[in-house]
4 protein chains.
Amino acid sequence: MQLNRDRLKGVFAPVVTPFQEDHLRLDWLEENLARMRETPLAGYLALGTNGEFKSLTESEKLEVVKVFVRLKGDKLLMVGTGCESTRQTTELTQRVADLGADCASIITPHYFASQMDDAALIGFYQHVADRSPIPVLPYNIPRLAAGVAISTNVACTIASHPNIWGMKDSGGVSLFAFLVALAGAQQQLPSPVAGEGQQHQLPSPVAGEGQRVRGQSAAPVSPTQFAVLAGSAEYFLPGLLMGACGGIISLANCFPELCCQLYSEATSGNLDAARQLHAQIHQATRAVSGKHGVAGVKAAMDLAGYRGGAPRRPLRPLTDQHRETMRSKLVELKLLEL
Amino acid sequence: MQLNRDRLKGVFAPVVTPFQEDHLRLDWLEENLARMRETPLAGYLALGTNGEFKSLTESEKLEVVKVFVRLKGDKLLMVGTGCESTRQTTELTQRVADLGADCASIITPHYFASQMDDAALIGFYQHVADRSPIPVLPYNIPRLAAGVAISTNVACTIASHPNIWGMKDSGGVSLFAFLVALAGAQQQLPSPVAGEGQQHQLPSPVAGEGQRVRGQSAAPVSPTQFAVLAGSAEYFLPGLLMGACGGIISLANCFPELCCQLYSEATSGNLDAARQLHAQIHQATRAVSGKHGVAGVKAAMDLAGYRGGAPRRPLRPLTDQHRETMRSKLVELKLLEL
Amino acid sequence: MQLNRDRLKGVFAPVVTPFQEDHLRLDWLEENLARMRETPLAGYLALGTNGEFKSLTESEKLEVVKVFVRLKGDKLLMVGTGCESTRQTTELTQRVADLGADCASIITPHYFASQMDDAALIGFYQHVADRSPIPVLPYNIPRLAAGVAISTNVACTIASHPNIWGMKDSGGVSLFAFLVALAGAQQQLPSPVAGEGQQHQLPSPVAGEGQRVRGQSAAPVSPTQFAVLAGSAEYFLPGLLMGACGGIISLANCFPELCCQLYSEATSGNLDAARQLHAQIHQATRAVSGKHGVAGVKAAMDLAGYRGGAPRRPLRPLTDQHRETMRSKLVELKLLEL
Amino acid sequence: MQLNRDRLKGVFAPVVTPFQEDHLRLDWLEENLARMRETPLAGYLALGTNGEFKSLTESEKLEVVKVFVRLKGDKLLMVGTGCESTRQTTELTQRVADLGADCASIITPHYFASQMDDAALIGFYQHVADRSPIPVLPYNIPRLAAGVAISTNVACTIASHPNIWGMKDSGGVSLFAFLVALAGAQQQLPSPVAGEGQQHQLPSPVAGEGQRVRGQSAAPVSPTQFAVLAGSAEYFLPGLLMGACGGIISLANCFPELCCQLYSEATSGNLDAARQLHAQIHQATRAVSGKHGVAGVKAAMDLAGYRGGAPRRPLRPLTDQHRETMRSKLVELKLLEL
């Protein structure tokens, strides 16, 4: 199936990579994907932060991607291919495209953080996008990327590249700024005097999918077609309300239906229902990954019937006490039976 | 007029303190307040960050407050009274209450940031609130307060104090977390199975003003009555959509009507109109105070017909070139005539 | 006694301000100064970070300074007079000069940290120094000043002001950079080929006091006369070895003799003895103020026979357990009897 | 030649990896090593930060190491083998040991920075050291490692591992703390009363090489044998004066003789000469790598007759203007002819 921009919406699970004693357990990954396939998830992100991509060798990465390609069914498959150099990133993106990935999620290089100014990031993403057989989604996560952030300036510049279809934003602050800047660049602003609310041409990406171009167009891409995916439960609903197209939510590893329900309520205009689900998801996320990160996500997967297991060292699994605290909180939030 | 909790909503201007050659120009403040009085602003914050409270002597602070009290009319008057020690803060709060302030906005102490753990902040706010004749609103602004943040834990604890009626949040991330935690603490969560969206008891503070207690009650205050005011244009609309009661917005110093219009559209359910105004306000805020802070706000006030002038040194006024760039951007955004 | 530059060397105690139940206990301060007067301390810093200057009202600050002036004897008296605005700082500096302070230690303004670029800081210090009756020592402490740092550029620029005689550096990294830059600006550098170590004109401020100008000169001040005082036990000995003139050391509140002994060994060339004392002082400082700050310093003063007491709230005194842990460590370090 | 602990002293060059149009130029590396072999450098660090190790694929890393092994002569060869997971790091360390590396420099894992507490780091280094055929040197560089730091506690714990022989410290602050803690842990401290400077058993690692154990001992290693190498020109001389054994200095890529001369003067007790060289080296380092990082080091190598070239993208080579500014500064510092 040829990817089109319309598919970049909904809830994506940043799927974990299972290990046992630091060895890959691809059979556990297969079990998880078999079960996720039955959910309304829009797709998967393989080799993301929750996929512990930084803890895998190059050949392990390819092994993992092959499992995803084999079992993705009709889900969209994003693969994290960001490395520190342009060359490594380009090569890895080409390889996963050859294997069958639908698009690439590419974190900002950040080891030489002080050198990663706007020009460096623009050059990096354009170079990779020029050579990538699949669409590219830059990934903004300053908290883990040593403070390196995709500025509004960078985002607006690379958004016009025909092979950069959107971005994943875990920066929180920049998400709204970015959506606003993109939207604001192309509309007729109301005058403060006459602005009685009668002429609101602002595109509403949540509801307005009819306006999106189907298929990859050779024509310059309008910024309104640019897909922003919220990279955190905290910003998922606020993001959707402000114009994001979906979210990549760690909790979707263990409670995918609930995350999809929030998306559904929000895009159907049921704001009260959406807010209530947001409260539930947000609190669950704090209990699951807020303190423990991927180790917590994996522990919650075990509790929810998926195959989580331990993260790769030096990350450590939860202690029994932390696991029990998490379980109690999830029971209290009605996500688990007593 | 006796303050009641219902009045803690809408748009508040964090009014600047005018200077000329580092001397207070209270007459300019009077001019500004005379004009703001004709707008739909809900009230004023005197001696906030934009009021350069840290750059004033103690006696100057009292002089400024007297002008506000004299000219506030039917606007609500908040005064920033936060100092580094509990004792200074308590005394200043008592003094401005005696002068006629309606409530106090109190920044977290932050010089000894590493000592400001949850227990220290809870003790600080409870001590001051116990002794304050007027309601107290903690002010969360980690960006300027050396990283000191009001955690969800602190907020939920102090929210039950009968004299702490809400908070101003410029932390962005914590705003939603906080609203969610407060709301989530008291409701029946839907079960993931049965949750068809039919039972959404989540309070919607934006629309639901009828549910709020009128007047200060001796009974323990329910967290749903707790007012959260967004302390940044970036979070104003997302905050309102998630449950905030209003905003304290620097742009309201120069374009108060526009900020009030956004509040009105959002609380009337006109989401498209609200988003469009958000785009305009957000971009204007970036042009005005994003880079230049209070110096930019003052320059924009000069352009908009208010009395801005220069900030107190070591802050510097905008260069002519920066001023012209700002003016062009505001013209482009239809906030100024060509 | 007219201050001369030669006196800016040796060990200075950043003397604490005693409180009881948040009230000033000036009688305790008198007791402490009476005892410190008998030590080899070069002088005092009143109203520094350890003096909790940010927690005092303006009138309290003046009360404190009066006690110091009355009891300083032949010690040099520095007073912390830094405020957020140029005007407040100038006025306070003039007042403490009138009361009898010898020089002023002035922290960088930092509430509007993002605006505090080199030009702002240079303007600030030059303005204050132009109007100060006493010499001015900028105080660099990015850790507590929201990251605002006196850059090498700022330091080299203001060092030529005839009324800026040196600086206190608690920045660690910048201390050596600064000394090196100042020294390097004026010397004949050895060529890499001929540089056999035979022509070392580098001034050695530790030993070379004879080279310093006596008294305040109207002539432009050479950077080599610029006094750098280490603001931390961690950098005291390394700083002395690299060219600093002395230190302002929190441990000098409780163990002044020991700190003076380190200075004496270092300036006498007894490097092994100095290193051993450094180990002792450094570990004691970690136990005393590393985690607890001024509360720890005050607790250690109580143990050492001075009047410490509790810090002003919201700072809290040490728990009994923390106090006992500290005592044990100080016994182990041979600073207290069992 | 069997490595012994005595060889971990002196100046090490963190050798750059040359590229042309993002392709490895191993022939240029060979030229550089041939020339460095004639200098008094103690050894090389391959695949360090200046070696752009994060920008290389796994197979490229091995290719680079093979060149070093072939051309190292009698220099000591450290290789950077730190990866994000324990497993990757262990495997890479074993491979470079098989190829002929003398020891491994291992950066702290840092992508999951918030999980890298003391226990995680201790476990990580002990696991790798247990399985490494060659001695392991942890590498502390919080500035580039997202703030992850090797605490004094971690350092003192892992220092007793027989296969952890020292560390490279680019943390600045922690260097002295660490040396002090190690030294302090094992000595008889002078009492403040009797401490007349007569019993200074503090080991002086700079001069005291005779005290070091020759060869790898099965007996528990005393902390005094632990080698601390300063990872920055800024801390090189202060570190040596406080007890460091040597330095890994980026400037040694272009001016190795000068760096070795500083080491020689410092260890011969010529403090004035050492300070003067420090001023020269420190200023040169600021001009070369302070702003531009490895791109600056490579540009300076080109100027000094080595093969630098461009860094791998997204890093960019210096502009002509920056190159000229650097050249002028190096001429002014007498490191280059006009």
# chains A, B, ... in the order shown; residues from 1 in each chain; ligands from 1
call {"tool": "residues_around", "arguments": {"residues": "region 224-231 of chain D", "least_positions_apart": "2", "cutoff": "6 Å", "atoms": "only C-alpha atoms", "output": "ChimeraX atom specification"}}
result
/D:165-170,212,222,236,244-248
call {"tool": "residues_around", "arguments": {"residues": "Lys291 (chain D)", "least_positions_apart": "2", "cutoff": "12 Å", "atoms": "only C-alpha atoms", "output": "PDB file with N, CA, C and O atoms, in the first residue's frame"}}
result
ATOM      1  N   PHE A 112      26.857  16.627  19.725  1.00  0.00           N
ATOM      2  CA  PHE A 112      27.526  17.924  19.605  1.00  0.00           C
ATOM      3  C   PHE A 112      26.469  19.025  19.673  1.00  0.00           C
ATOM      4  O   PHE A 112      26.307  19.831  18.742  1.00  0.00           O
ATOM      5  N   ALA A 113      25.745  19.047  20.779  1.00  0.00           N
ATOM      6  CA  ALA A 113      24.549  19.888  20.880  1.00  0.00           C
ATOM      7  C   ALA A 113      24.836  21.353  20.555  1.00  0.00           C
ATOM      8  O   ALA A 113      24.034  22.015  19.895  1.00  0.00           O
ATOM      9  N   SER A 114      25.968  21.861  21.011  1.00  0.00           N
ATOM     10  CA  SER A 114      26.212  23.288  20.836  1.00  0.00           C
ATOM     11  C   SER A 114      26.401  23.662  19.370  1.00  0.00           C
ATOM     12  O   SER A 114      26.303  24.827  19.003  1.00  0.00           O
ATOM     13  N   GLN A 115      26.684  22.683  18.539  1.00  0.00           N
ATOM     14  CA  GLN A 115      26.855  22.961  17.104  1.00  0.00           C
ATOM     15  C   GLN A 115      25.546  22.804  16.324  1.00  0.00           C
ATOM     16  O   GLN A 115      25.495  23.109  15.136  1.00  0.00           O
TER      17      GLN A 115
ATOM     18  N   ALA D 284      44.729  29.379  23.527  1.00  0.00           N
ATOM     19  CA  ALA D 284      44.691  28.714  22.221  1.00  0.00           C
ATOM     20  C   ALA D 284      43.501  27.761  22.138  1.00  0.00           C
ATOM     21  O   ALA D 284      42.803  27.693  21.117  1.00  0.00           O
ATOM     22  N   THR D 285      43.250  27.043  23.209  1.00  0.00           N
ATOM     23  CA  THR D 285      42.136  26.115  23.210  1.00  0.00           C
ATOM     24  C   THR D 285      40.816  26.845  23.042  1.00  0.00           C
ATOM     25  O   THR D 285      39.916  26.390  22.328  1.00  0.00           O
ATOM     26  N   ARG D 286      40.684  27.979  23.697  1.00  0.00           N
ATOM     27  CA  ARG D 286      39.455  28.762  23.523  1.00  0.00           C
ATOM     28  C   ARG D 286      39.290  29.185  22.068  1.00  0.00           C
ATOM     29  O   ARG D 286      38.180  29.158  21.526  1.00  0.00           O
ATOM     30  N   ALA D 287      40.375  29.582  21.452  1.00  0.00           N
ATOM     31  CA  ALA D 287      40.290  30.032  20.058  1.00  0.00           C
ATOM     32  C   ALA D 287      40.024  28.860  19.116  1.00  0.00           C
ATOM     33  O   ALA D 287      39.340  29.001  18.099  1.00  0.00           O
ATOM     34  N   VAL D 288      40.537  27.697  19.440  1.00  0.00           N
ATOM     35  CA  VAL D 288      40.464  26.562  18.521  1.00  0.00           C
ATOM     36  C   VAL D 288      39.186  25.756  18.701  1.00  0.00           C
ATOM     37  O   VAL D 288      38.420  25.551  17.773  1.00  0.00           O
ATOM     38  N   SER D 289      38.952  25.274  19.922  1.00  0.00           N
ATOM     39  CA  SER D 289      37.802  24.382  20.082  1.00  0.00           C
ATOM     40  C   SER D 289      36.713  24.954  20.969  1.00  0.00           C
ATOM     41  O   SER D 289      35.636  24.370  21.072  1.00  0.00           O
ATOM     42  N   GLY D 293      34.464  23.454  18.497  1.00  0.00           N
ATOM     43  CA  GLY D 293      34.596  22.030  18.779  1.00  0.00           C
ATOM     44  C   GLY D 293      35.561  21.353  17.829  1.00  0.00           C
ATOM     45  O   GLY D 293      36.598  21.922  17.446  1.00  0.00           O
ATOM     46  N   VAL D 294      35.211  20.139  17.432  1.00  0.00           N
ATOM     47  CA  VAL D 294      36.130  19.342  16.629  1.00  0.00           C
ATOM     48  C   VAL D 294      36.403  19.991  15.270  1.00  0.00           C
ATOM     49  O   VAL D 294      37.502  19.833  14.710  1.00  0.00           O
ATOM     50  N   ALA D 295      35.447  20.751  14.752  1.00  0.00           N
ATOM     51  CA  ALA D 295      35.701  21.449  13.479  1.00  0.00           C
ATOM     52  C   ALA D 295      36.856  22.425  13.627  1.00  0.00           C
ATOM     53  O   ALA D 295      37.677  22.584  12.713  1.00  0.00           O
ATOM     54  N   GLY D 296      36.926  23.074  14.797  1.00  0.00           N
ATOM     55  CA  GLY D 296      38.022  23.998  15.057  1.00  0.00           C
ATOM     56  C   GLY D 296      39.348  23.277  15.225  1.00  0.00           C
ATOM     57  O   GLY D 296      40.387  23.735  14.731  1.00  0.00           O
ATOM     58  N   VAL D 297      39.307  22.144  15.914  1.00  0.00           N
ATOM     59  CA  VAL D 297      40.543  21.367  16.086  1.00  0.00           C
ATOM     60  C   VAL D 297      41.083  20.946  14.718  1.00  0.00           C
ATOM     61  O   VAL D 297      42.284  21.050  14.442  1.00  0.00           O
ATOM     62  N   LEU D 318      34.825  25.085   9.461  1.00  0.00           N
ATOM     63  CA  LEU D 318      34.829  26.519   9.746  1.00  0.00           C
ATOM     64  C   LEU D 318      34.637  27.323   8.461  1.00  0.00           C
ATOM     65  O   LEU D 318      35.113  26.930   7.394  1.00  0.00           O
ATOM     66  N   HIS D 322      35.994  32.480  10.081  1.00  0.00           N
ATOM     67  CA  HIS D 322      36.350  31.897  11.371  1.00  0.00           C
ATOM     68  C   HIS D 322      37.756  31.308  11.350  1.00  0.00           C
ATOM     69  O   HIS D 322      38.502  31.395  12.320  1.00  0.00           O
ATOM     70  N   ARG D 323      38.111  30.732  10.223  1.00  0.00           N
ATOM     71  CA  ARG D 323      39.435  30.158  10.101  1.00  0.00           C
ATOM     72  C   ARG D 323      40.500  31.253  10.206  1.00  0.00           C
ATOM     73  O   ARG D 323      41.529  31.077  10.879  1.00  0.00           O
ATOM     74  N   THR D 325      40.166  34.188  11.705  1.00  0.00           N
ATOM     75  CA  THR D 325      40.189  34.677  13.083  1.00  0.00           C
ATOM     76  C   THR D 325      41.012  33.753  13.970  1.00  0.00           C
ATOM     77  O   THR D 325      41.820  34.198  14.800  1.00  0.00           O
ATOM     78  N   MET D 326      40.814  32.480  13.775  1.00  0.00           N
ATOM     79  CA  MET D 326      41.576  31.514  14.565  1.00  0.00           C
ATOM     80  C   MET D 326      43.069  31.618  14.262  1.00  0.00           C
ATOM     81  O   MET D 326      43.902  31.631  15.181  1.00  0.00           O
TER      82      MET D 326
END
call {"tool": "select_by_dssp", "arguments": {"residues": "region 88-160 of chain D", "states": "helix (DSSP H, G or I)", "output": "PyMOL selection string"}}
result
chain D and resi 88-99+113-115+118-131+152-158
call {"tool": "write_last_selection", "arguments": {"atoms": "C-alpha atoms", "output": "PDB file, in the first residue's frame"}}
result
ATOM      1  CA  GLN D  88      27.106  -3.108  23.184  1.00  0.00           C
ATOM      2  CA  THR D  89      29.857  -1.575  25.298  1.00  0.00           C
ATOM      3  CA  THR D  90      31.154  -4.921  26.480  1.00  0.00           C
ATOM      4  CA  GLU D  91      31.239  -6.320  22.972  1.00  0.00           C
ATOM      5  CA  LEU D  92      32.968  -3.318  21.464  1.00  0.00           C
ATOM      6  CA  THR D  93      35.543  -3.274  24.264  1.00  0.00           C
ATOM      7  CA  GLN D  94      36.318  -6.924  23.677  1.00  0.00           C
ATOM      8  CA  ARG D  95      36.708  -6.342  19.955  1.00  0.00           C
ATOM      9  CA  VAL D  96      39.128  -3.447  20.252  1.00  0.00           C
ATOM     10  CA  ALA D  97      41.090  -5.389  22.859  1.00  0.00           C
ATOM     11  CA  ASP D  98      41.389  -8.243  20.391  1.00  0.00           C
ATOM     12  CA  LEU D  99      42.640  -5.768  17.812  1.00  0.00           C
ATOM     13  CA  ALA D 113      19.916  10.264  31.703  1.00  0.00           C
ATOM     14  CA  SER D 114      17.280  10.355  34.416  1.00  0.00           C
ATOM     15  CA  GLN D 115      17.771   6.627  35.051  1.00  0.00           C
ATOM     16  CA  ASP D 118      24.848   5.871  41.068  1.00  0.00           C
ATOM     17  CA  ALA D 119      23.709   2.248  41.174  1.00  0.00           C
ATOM     18  CA  ALA D 120      23.187   2.132  37.411  1.00  0.00           C
ATOM     19  CA  LEU D 121      26.621   3.586  36.689  1.00  0.00           C
ATOM     20  CA  ILE D 122      28.387   1.366  39.190  1.00  0.00           C
ATOM     21  CA  GLY D 123      26.685  -1.707  37.745  1.00  0.00           C
ATOM     22  CA  PHE D 124      27.533  -0.631  34.233  1.00  0.00           C
ATOM     23  CA  TYR D 125      31.230  -0.091  34.832  1.00  0.00           C
ATOM     24  CA  GLN D 126      31.675  -3.193  36.972  1.00  0.00           C
ATOM     25  CA  HIS D 127      29.936  -5.394  34.403  1.00  0.00           C
ATOM     26  CA  VAL D 128      32.097  -4.090  31.573  1.00  0.00           C
ATOM     27  CA  ALA D 129      35.310  -4.191  33.608  1.00  0.00           C
ATOM     28  CA  ASP D 130      34.623  -7.795  34.661  1.00  0.00           C
ATOM     29  CA  ARG D 131      34.519  -8.839  31.024  1.00  0.00           C
ATOM     30  CA  THR D 152      32.519  10.977  44.006  1.00  0.00           C
ATOM     31  CA  ASN D 153      30.593   8.036  45.397  1.00  0.00           C
ATOM     32  CA  VAL D 154      30.632   6.188  42.071  1.00  0.00           C
ATOM     33  CA  ALA D 155      34.293   6.960  41.494  1.00  0.00           C
ATOM     34  CA  CYS D 156      35.372   5.752  44.931  1.00  0.00           C
ATOM     35  CA  THR D 157      33.352   2.559  44.540  1.00  0.00           C
ATOM     36  CA  ILE D 158      34.598   1.568  41.115  1.00  0.00           C
TER      37      ILE D 158
END
call {"tool": "interface_residues", "arguments": {"of": "chain D", "to": "chain A", "cutoff": "6 Å", "atoms": "only C-alpha atoms", "output": "list in words"}}
result
Lys54, Ser55, Glu84, Ser85, Thr86, Ala120, Phe124, Ala146, Arg313 and Pro314 of chain D
call {"tool": "atom_distance", "arguments": {"atom1": "CA of Ala299 (chain A)", "atom2": "CA of Pro317 (chain A)"}}
result
7.6 Å
call {"tool": "residues_around", "arguments": {"residues": "Val69 (chain D)", "least_positions_apart": "3", "cutoff": "9 Å", "atoms": "only C-alpha atoms", "output": "PyMOL selection string"}}
result
chain D and resi 64-66+72-73+77+99-101
call {"tool": "atom_distance", "arguments": {"atom1": "CA of Leu33 (chain C)", "atom2": "CA of Lys75 (chain C)"}}
result
10.3 Å
call {"tool": "residues_around", "arguments": {"residues": "Leu303 (chain C)", "least_positions_apart": "6", "cutoff": "9 Å", "atoms": "only C-alpha atoms", "output": "number ranges by chain"}}
result
C: 254, 327, 336
call {"tool": "decode", "arguments": {"residues": "region 271-280 of chain A", "atoms": "all heavy atoms", "output": "mmCIF file, in the first residue's frame"}}
result
data_model
loop_
_atom_site.group_PDB
_atom_site.id
_atom_site.type_symbol
_atom_site.label_atom_id
_atom_site.label_comp_id
_atom_site.auth_asym_id
_atom_site.auth_seq_id
_atom_site.Cartn_x
_atom_site.Cartn_y
_atom_site.Cartn_z
ATOM 1 N N LEU A 271 -15.815 16.999 23.964
ATOM 2 C CA LEU A 271 -14.726 17.550 24.753
ATOM 3 C C LEU A 271 -14.752 17.057 26.198
ATOM 4 O O LEU A 271 -13.697 16.746 26.778
ATOM 5 C CB LEU A 271 -14.781 19.083 24.698
ATOM 6 C CG LEU A 271 -13.611 19.822 25.323
ATOM 7 C CD1 LEU A 271 -12.280 19.318 24.795
ATOM 8 C CD2 LEU A 271 -13.725 21.313 25.075
ATOM 9 N N ASP A 272 -15.921 16.959 26.786
ATOM 10 C CA ASP A 272 -15.970 16.497 28.178
ATOM 11 C C ASP A 272 -15.468 15.064 28.308
ATOM 12 O O ASP A 272 -14.671 14.752 29.200
ATOM 13 C CB ASP A 272 -17.398 16.615 28.723
ATOM 14 C CG ASP A 272 -17.723 18.038 29.161
ATOM 15 O OD1 ASP A 272 -16.806 18.882 29.166
ATOM 16 O OD2 ASP A 272 -18.890 18.303 29.467
ATOM 17 N N ALA A 273 -15.934 14.220 27.426
ATOM 18 C CA ALA A 273 -15.469 12.836 27.456
ATOM 19 C C ALA A 273 -13.957 12.777 27.222
ATOM 20 O O ALA A 273 -13.236 12.028 27.885
ATOM 21 C CB ALA A 273 -16.195 12.015 26.396
ATOM 22 N N ALA A 274 -13.500 13.593 26.301
ATOM 23 C CA ALA A 274 -12.070 13.593 25.990
ATOM 24 C C ALA A 274 -11.260 14.045 27.190
ATOM 25 O O ALA A 274 -10.220 13.450 27.527
ATOM 26 C CB ALA A 274 -11.795 14.501 24.784
ATOM 27 N N ARG A 275 -11.743 15.067 27.870
ATOM 28 C CA ARG A 275 -11.014 15.565 29.044
ATOM 29 C C ARG A 275 -10.935 14.500 30.127
ATOM 30 O O ARG A 275 -9.928 14.358 30.810
ATOM 31 C CB ARG A 275 -11.710 16.796 29.610
ATOM 32 C CG ARG A 275 -11.326 18.079 28.939
ATOM 33 C CD ARG A 275 -11.594 19.233 29.910
ATOM 34 N NE ARG A 275 -11.865 20.462 29.168
ATOM 35 C CZ ARG A 275 -13.021 21.093 29.186
ATOM 36 N NH1 ARG A 275 -14.029 20.654 29.908
ATOM 37 N NH2 ARG A 275 -13.161 22.190 28.489
ATOM 38 N N GLN A 276 -12.019 13.765 30.293
ATOM 39 C CA GLN A 276 -12.029 12.742 31.336
ATOM 40 C C GLN A 276 -11.036 11.624 30.995
ATOM 41 O O GLN A 276 -10.289 11.160 31.858
ATOM 42 C CB GLN A 276 -13.441 12.191 31.454
ATOM 43 C CG GLN A 276 -13.646 11.420 32.735
ATOM 44 C CD GLN A 276 -15.118 11.296 33.057
ATOM 45 O OE1 GLN A 276 -15.965 11.899 32.389
ATOM 46 N NE2 GLN A 276 -15.427 10.512 34.079
ATOM 47 N N LEU A 277 -11.001 11.245 29.738
ATOM 48 C CA LEU A 277 -10.040 10.218 29.331
ATOM 49 C C LEU A 277 -8.603 10.754 29.457
ATOM 50 O O LEU A 277 -7.690 10.016 29.832
ATOM 51 C CB LEU A 277 -10.319 9.786 27.886
ATOM 52 C CG LEU A 277 -11.556 8.896 27.751
ATOM 53 C CD1 LEU A 277 -12.076 8.904 26.313
ATOM 54 C CD2 LEU A 277 -11.219 7.469 28.183
ATOM 55 N N HIS A 278 -8.446 12.021 29.153
ATOM 56 C CA HIS A 278 -7.127 12.634 29.301
ATOM 57 C C HIS A 278 -6.660 12.519 30.757
ATOM 58 O O HIS A 278 -5.495 12.178 31.022
ATOM 59 C CB HIS A 278 -7.187 14.099 28.877
ATOM 60 C CG HIS A 278 -5.933 14.878 29.146
ATOM 61 N ND1 HIS A 278 -4.822 14.801 28.351
ATOM 62 C CD2 HIS A 278 -5.613 15.723 30.156
ATOM 63 C CE1 HIS A 278 -3.868 15.580 28.833
ATOM 64 N NE2 HIS A 278 -4.322 16.152 29.934
ATOM 65 N N ALA A 279 -7.557 12.798 31.684
ATOM 66 C CA ALA A 279 -7.195 12.716 33.104
ATOM 67 C C ALA A 279 -6.715 11.304 33.440
ATOM 68 O O ALA A 279 -5.698 11.116 34.121
ATOM 69 C CB ALA A 279 -8.388 13.092 33.973
ATOM 70 N N GLN A 280 -7.454 10.345 32.926
ATOM 71 C CA GLN A 280 -7.132 8.949 33.224
ATOM 72 C C GLN A 280 -5.785 8.546 32.588
ATOM 73 O O GLN A 280 -4.916 7.977 33.242
ATOM 74 C CB GLN A 280 -8.266 8.093 32.668
ATOM 75 C CG GLN A 280 -8.343 6.686 33.196
ATOM 76 C CD GLN A 280 -9.546 5.963 32.593
ATOM 77 O OE1 GLN A 280 -10.170 6.443 31.642
ATOM 78 N NE2 GLN A 280 -9.863 4.801 33.151
#
